[in-house]
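Here's the structure, in structure tokens; my notes come after.
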Amino acid sequence: MKIPTNIKKITRNAGIAFLAYASLMYVAQGITHIGSPKVNSQSQLEKLIEKEKEKLNCNKNITGEITEHKEAKSSKIDSKHYSLAIGGTGNDESALRHEVYHICDGQFELMGKSKIYNLILYFFYAEPKTTLHQIGMIE
């Protein structure tokens, strides 16, 4: 079965648009890491988490960890507890601000049981909104 030319064009254009979108997000986040102070100790991490929570008027229980992994990530442990980890190139105040926002904005509460739904929610709602916060465009 031959795929119609218009379907090929739509698929190609959608792929190009998604690649441009993902690249823009990556660059916007990357720029915020330039000159962002590193987090050097567990006590500094805990103080910065509390400072960010205060800015966001957030009372969620967040535990932080500095790791060896080259990433920053946050997760929901249970209904009242969250964690975040920063490390490697993601070990700076910009990454911390980004992960605290994911938690305090209530984005984990929006997640459902469907992996497809969660993926769409993450890429087209949570990550862009959090990136806008990270670059200072929204509070």
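Ordered as shown in the structure tokens, chains take letters A, B, and onward, while each chain numbers its residues from 1 and ligands are numbered from 1 in the order shown.
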
Leaving out Asn40 in chain A and any residue of its chain fewer than 6 positions from it, which residues lie within 10 Å of it when counting only C-alpha atoms, given as a list of chain:residue names?
A:Ile66, A:Asn91, A:Asp92

Same residues, C-alpha atoms, saved as a PDB file, in the first residue's frame:
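Below you can see out36.pdb, which holds the result:
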ATOM      1  CA  ILE A  66      22.650  16.114  45.001  1.00  0.00           C
ATOM      2  CA  ASN A  91      23.522  20.923  39.494  1.00  0.00           C
ATOM      3  CA  ASP A  92      22.729  24.626  39.662  1.00  0.00           C
TER       4      ASP A  92
END

Please provide as a PyMOL selection string all residues within 12 Å of Met111 in chain A, with the sequence filter that same-chain residues fewer than 3 positions apart are discarded (counting only C-alpha atoms).
chain A and resi 75-76+102-103+106-108+114-122+125-126

For the residues selected in the previous step, produce a file with C-alpha atoms as a CSV table (one decimal), in the first residue's frame.
chain,number,residue,atom,x,y,z
A,75,SER,CA,9.1,13.1,41.4
A,76,LYS,CA,6.0,12.5,43.6
A,102,HIS,CA,7.1,21.3,38.6
A,103,ILE,CA,6.2,20.3,42.1
A,106,GLY,CA,0.8,21.0,41.0
A,107,GLN,CA,1.9,19.3,37.7
A,108,PHE,CA,2.3,15.9,39.3
A,114,SER,CA,-2.3,6.8,30.5
A,115,LYS,CA,1.3,7.0,29.4
A,116,ILE,CA,0.4,8.8,26.2
A,117,TYR,CA,-1.7,11.4,28.1
A,118,ASN,CA,1.2,11.9,30.5
A,119,LEU,CA,3.7,12.3,27.7
A,120,ILE,CA,1.5,14.9,25.9
A,121,LEU,CA,0.8,16.7,29.2
A,122,TYR,CA,4.6,16.8,29.9
A,125,TYR,CA,2.0,21.8,29.1
A,126,ALA,CA,4.3,21.1,32.0

Running DSSP on the backbone, which parts of chain A land in strand (DSSP E), as an mmCIF file with C-alpha atoms, in the first residue's frame?
data_model
loop_
_atom_site.group_PDB
_atom_site.id
_atom_site.type_symbol
_atom_site.label_atom_id
_atom_site.label_comp_id
_atom_site.auth_asym_id
_atom_site.auth_seq_id
_atom_site.Cartn_x
_atom_site.Cartn_y
_atom_site.Cartn_z
ATOM 1 C CA ASN A 61 7.137 18.664 51.521
ATOM 2 C CA ILE A 62 10.140 18.461 49.149
ATOM 3 C CA THR A 63 13.279 16.443 49.833
ATOM 4 C CA GLY A 64 16.337 17.285 47.753
ATOM 5 C CA GLU A 65 19.425 15.312 46.838
ATOM 6 C CA ILE A 66 22.650 16.114 45.001
ATOM 7 C CA THR A 67 23.552 13.168 42.777
ATOM 8 C CA ALA A 72 17.811 17.278 37.261
ATOM 9 C CA LYS A 73 14.520 15.575 37.999
ATOM 10 C CA SER A 74 11.609 15.695 40.369
ATOM 11 C CA SER A 75 9.050 13.098 41.374
ATOM 12 C CA LYS A 76 6.035 12.523 43.560
ATOM 13 C CA ILE A 77 6.738 10.012 46.321
ATOM 14 C CA ASP A 78 3.209 9.893 47.760
ATOM 15 C CA HIS A 81 5.906 14.039 49.705
ATOM 16 C CA TYR A 82 8.029 14.956 46.693
ATOM 17 C CA SER A 83 11.688 14.615 45.840
ATOM 18 C CA LEU A 84 14.087 16.308 43.520
ATOM 19 C CA ALA A 85 17.598 15.428 42.487
ATOM 20 C CA ILE A 86 20.171 17.617 40.788
ATOM 21 C CA GLY A 87 23.599 16.603 39.602
#

When you look at Ile138 in chain A with a cut-off of 9 Å (counting only C-alpha atoms), what residues show up, excluding the ones that are within fewer than 6 positions of it in the same chain? I need them as a ChimeraX atom specification.
/A:129-130,132

Could you go through range 23-74 of chain A and tell me which residues DSSP, when run on the backbone, assigns to alpha helix (DSSP H), listing them as an MDAnalysis selection string?
chainID A and resid 23:33 42:55

Set the distance at 8 Å and use only C-alpha atoms: which residues neighbour Gln29 in chain A once local chain neighbours fewer than 4 positions away are removed? I'd like the list as a PDB file with N, CA and C atoms, in the first residue's frame.
ATOM      1  N   MET A  25      12.965  24.650  23.250  1.00  0.00           N
ATOM      2  CA  MET A  25      12.880  24.374  24.685  1.00  0.00           C
ATOM      3  C   MET A  25      14.272  24.071  25.251  1.00  0.00           C
ATOM      4  N   HIS A  33      21.255  28.100  32.370  1.00  0.00           N
ATOM      5  CA  HIS A  33      22.331  27.474  33.151  1.00  0.00           C
ATOM      6  C   HIS A  33      23.634  28.273  33.065  1.00  0.00           C
ATOM      7  N   THR A 131       9.487  25.929  31.841  1.00  0.00           N
ATOM      8  CA  THR A 131      10.585  26.620  31.168  1.00  0.00           C
ATOM      9  C   THR A 131      10.331  28.128  31.174  1.00  0.00           C
ATOM     10  N   GLN A 134      11.303  29.203  34.483  1.00  0.00           N
ATOM     11  CA  GLN A 134      12.761  29.120  34.644  1.00  0.00           C
ATOM     12  C   GLN A 134      13.467  30.311  33.993  1.00  0.00           C
ATOM     13  N   ILE A 135      12.960  30.777  32.863  1.00  0.00           N
ATOM     14  CA  ILE A 135      13.609  31.918  32.200  1.00  0.00           C
ATOM     15  C   ILE A 135      13.056  33.259  32.686  1.00  0.00           C
TER      16      ILE A 135
END

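With CA of Lys80 in chain A on one side and CA of Gly112 in chain A on the other, the separation reads 17.2 Å.
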
In Å to one decimal, how far is CA of His98 in chain A from CA of Ala14 in chain A?
27.5 Å

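For the set A:Tyr101, A:Lys9, A:Lys38, A:Glu68, the residue with the smallest atom-to-atom gap to His133 in chain A is A:Tyr101, counting only C-alpha atoms.
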